[in-house]
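S.K.: Here's a structure for you.
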Amino acid sequence: MPLPCIQLLLLFLIINKLPSLLHAEFTVILPDTSSASILDPPAQPGDVLTWAHTDPSEQLAVQAIMAAIGNDWAASVPDVCQGRWHGIECVPGVDGDVYHVVSLSFGALSDDTAFPACSTGATLSPAILSLPHLRSLFFYRCFTSNPQPIPSFLGQMGPTIRSLVLRENGHVGPIPTELGNLTALRVLDLHGNQLVSTIPKSFQRLENLQLFDLSHNSLSGAIPELKLPKLRILDLGYNALHGQIPEGFSQCGTLLKMDLSRNRLTKQIPDSIGKLANLILLDLSHNSLMGPLPVTLRKMHALKALILNSNSMPEWTVPNEIFTGLKNLIMLVLSDMGLVGPVPDSIGYLPSLRVLRLDRNKLNGSIPESFKNLKNISELSISNNKLTGPVPFGKEMVWRLGKKLRVHNNLGLCCEDRNLEWYEGIGSMYGIGKCKGSSN
């Protein structure tokens, strides 16, 4: 199974761990309807209050926001909440006579999503500050034709705001430190922009944050000590962050996903990472992290994906016991790390393992006999090492893996008599010959 497919599977598993959040504002496309406020629960589709109307100041604010992104048609809508177009959510106030705007979404997510689109020259209007009950603000690919900084006035939004998503918008410049004032935020997603400079230290105040995604930008500097006790998803991948992994992450005990891949992080992975007992996915690949790996990794019993490839740890031998506690591990990627010594026998006793990549290292010795226990394996790559001796795989595993079994470019892997039934005709495909003493 290709690596992206496995990652999608893991994302599905992570989502399944968050049922309560997915029914609230954690799913950024959905509005927050669970937070306590002065507002009554939102009206149901059949409960239209025909006598109610949108708060006049909020009506004007929405029309100004729509005009700024090129939707002048909103000026002709007599009541924006009664209009009920996709992308706006309203709830009745305590007296039931006035609607308040609680969620705004813009941008074409897909052909099936009818959020108002953004035109060339769209801007983000400060009229947003005139929506005191706003819980969710979502902009997707709205400003790519007119790149602009994230406006600092967003940090003045009211205490009801729970979700701020500015995804793939073409935003440039630094992240405003004022966003750290939004202490009720649960979702902050700035993925896929052109943001530069450092991660604001003011984000340390976002103690209610549950999803934090700054990936695919051009951020630099050290990662600040973010001790966010409710954080579930952390994605800072594809930036230019440097320095070491902060010890403070160990206090994010609710973390399910940590992706710090494709940065410039250095030094060792801290031992404290083993405290993340709920972590499902850990991706630290494509950095400059040093060995040895912390033995505390074996305490991460919930871990399903450990991706560490392309960190240079030359002349480091992987301890056999480091993987013994990872019974739920589905993906283990340790390619391109300069690892030496034998392949850990303990890997063969990981019952859930589906993807194993140990290629392009300097591993020596033989493939452990325990590898024939990997009943669920769908991809196994140990090519470009210094392995010798017999290949322990049986016919069933070999035929099941097909081209996903990669053992070529080793020093002397071979096939014994007991496995000659599968060797004939396909042994050359794997770059292995018959072991000395085997039948001709």
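Residue numbers start at 1 in each chain; chains themselves are named A, B, ... in the order of the structure tokens; ligands are numbered from 1 in the order shown.
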DSSP on the backbone, strand (DSSP E) only: what residues of segment 60-142 of chain A does that give? Format it as an NGL selection string.
M.R.: :A and (88-92 or 98-106 or 136-140)
S.K.: For the residues in that selection, give me C-alpha atoms as a PDB file, in the first residue's frame.
M.R.:
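The result, stored in result39.pdb:
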ATOM      1  CA  ILE A  88     -23.452  31.246   6.909  1.00  0.00           C
ATOM      2  CA  GLU A  89     -24.825  29.908  10.168  1.00  0.00           C
ATOM      3  CA  CYS A  90     -27.071  31.863  12.507  1.00  0.00           C
ATOM      4  CA  VAL A  91     -28.785  31.201  15.822  1.00  0.00           C
ATOM      5  CA  PRO A  92     -31.647  33.035  17.499  1.00  0.00           C
ATOM      6  CA  VAL A  98     -33.072  38.428  16.554  1.00  0.00           C
ATOM      7  CA  TYR A  99     -30.663  36.151  14.694  1.00  0.00           C
ATOM      8  CA  HIS A 100     -26.918  36.313  15.372  1.00  0.00           C
ATOM      9  CA  VAL A 101     -24.222  35.202  12.924  1.00  0.00           C
ATOM     10  CA  VAL A 102     -22.048  32.445  14.447  1.00  0.00           C
ATOM     11  CA  SER A 103     -20.223  30.985  11.435  1.00  0.00           C
ATOM     12  CA  LEU A 104     -18.936  32.252   8.081  1.00  0.00           C
ATOM     13  CA  SER A 105     -17.232  30.092   5.433  1.00  0.00           C
ATOM     14  CA  PHE A 106     -15.848  31.174   2.054  1.00  0.00           C
ATOM     15  CA  SER A 136     -16.127  29.972  13.291  1.00  0.00           C
ATOM     16  CA  LEU A 137     -14.371  31.828  10.461  1.00  0.00           C
ATOM     17  CA  PHE A 138     -13.236  29.841   7.414  1.00  0.00           C
ATOM     18  CA  PHE A 139     -11.461  31.126   4.269  1.00  0.00           C
ATOM     19  CA  TYR A 140     -10.099  28.673   1.673  1.00  0.00           C
TER      20      TYR A 140
END
S.K.: Report the closest atom pair, with its distance in Å rounded to one decimal, for each residue of segment 190-216 of chain A that has an atom no farther than 12 Å from segment 252-276 of chain A; count only C-alpha atoms, sort by chain and then rising residue number, and write it as a Markdown table.
M.R.:
| residue | atom | partner | partner_atom | distance |
| --- | --- | --- | --- | --- |
| A:Glu207 | CA | A:Cys252 | CA | 10.2 |
| A:Asn208 | CA | A:Cys252 | CA | 11.4 |
| A:Leu209 | CA | A:Cys252 | CA | 10.6 |
| A:Gln210 | CA | A:Leu255 | CA | 8.6 |
| A:Leu211 | CA | A:Leu255 | CA | 9.5 |
| A:Phe212 | CA | A:Met258 | CA | 10.0 |
| A:Asp213 | CA | A:Asp259 | CA | 9.4 |
| A:Leu214 | CA | A:Leu260 | CA | 10.2 |
| A:Ser215 | CA | A:Leu260 | CA | 8.6 |
| A:His216 | CA | A:Arg262 | CA | 9.4 |
S.K.: Using only C-alpha atoms for the distances, tell me which of A:Val333, A:Val343, A:Leu206, A:Cys142 is nearest to Pro368 of chain A.
M.R.: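 Once distances to Pro368 of chain A are computed over only C-alpha atoms, the minimum belongs to A:Val343.
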S.K.: Run DSSP on the backbone and tell me which residues of segment 239-412 of chain A come out as alpha helix (DSSP H); list them as an NGL selection string.
M.R.: :A and (395-401)
S.K.: As an exercise, work out the distance from atom CA of Leu241 of chain A to atom CA of Ser288 of chain A in Å and give it to one decimal place.
M.R.: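 Separating atom CA of Leu241 of chain A from atom CA of Ser288 of chain A is a distance of 11.2 Å.
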S.K.: Neighbours of segment 165-173 of chain A within 9 Å (only C-alpha atoms; same-chain residues fewer than 6 positions away dropped), as a ChimeraX atom specification?
M.R.: /A:28-29,136-150,187-197
S.K.: Which residue, A:Glu315, A:Glu178, A:Asp95, A:Glu58, has the smallest gap to Ser130 of chain A when you use only C-alpha atoms?
M.R.: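 That would be A:Glu58, the residue with the smallest distance to Ser130 of chain A.
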S.K.: List the neighbours of Ala114 of chain A out to 8 Å using only C-alpha atoms; skip same-chain residues closer than 5 positions along the sequence, and give me the result as a count of residues only.
M.R.: 3
S.K.: Could you tell me which of A:Asn309, A:Asn385, A:Asn328, A:Gln59 comes closest to Val340 of chain A if we count only C-alpha atoms?
M.R.: A:Asn385
S.K.: How far is it from atom CA of Ile322 of chain A to atom CA of Pro342 of chain A, in Å with one decimal?
M.R.: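 Pair atom CA of Ile322 of chain A / atom CA of Pro342 of chain A returns 13.5 Å.
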S.K.: From the set A:Val391, A:Ile175, A:Ile432, A:Leu413, which residue has the shortest atom-to-atom contact distance to Ser370 of chain A, counting only C-alpha atoms?
M.R.: A:Val391
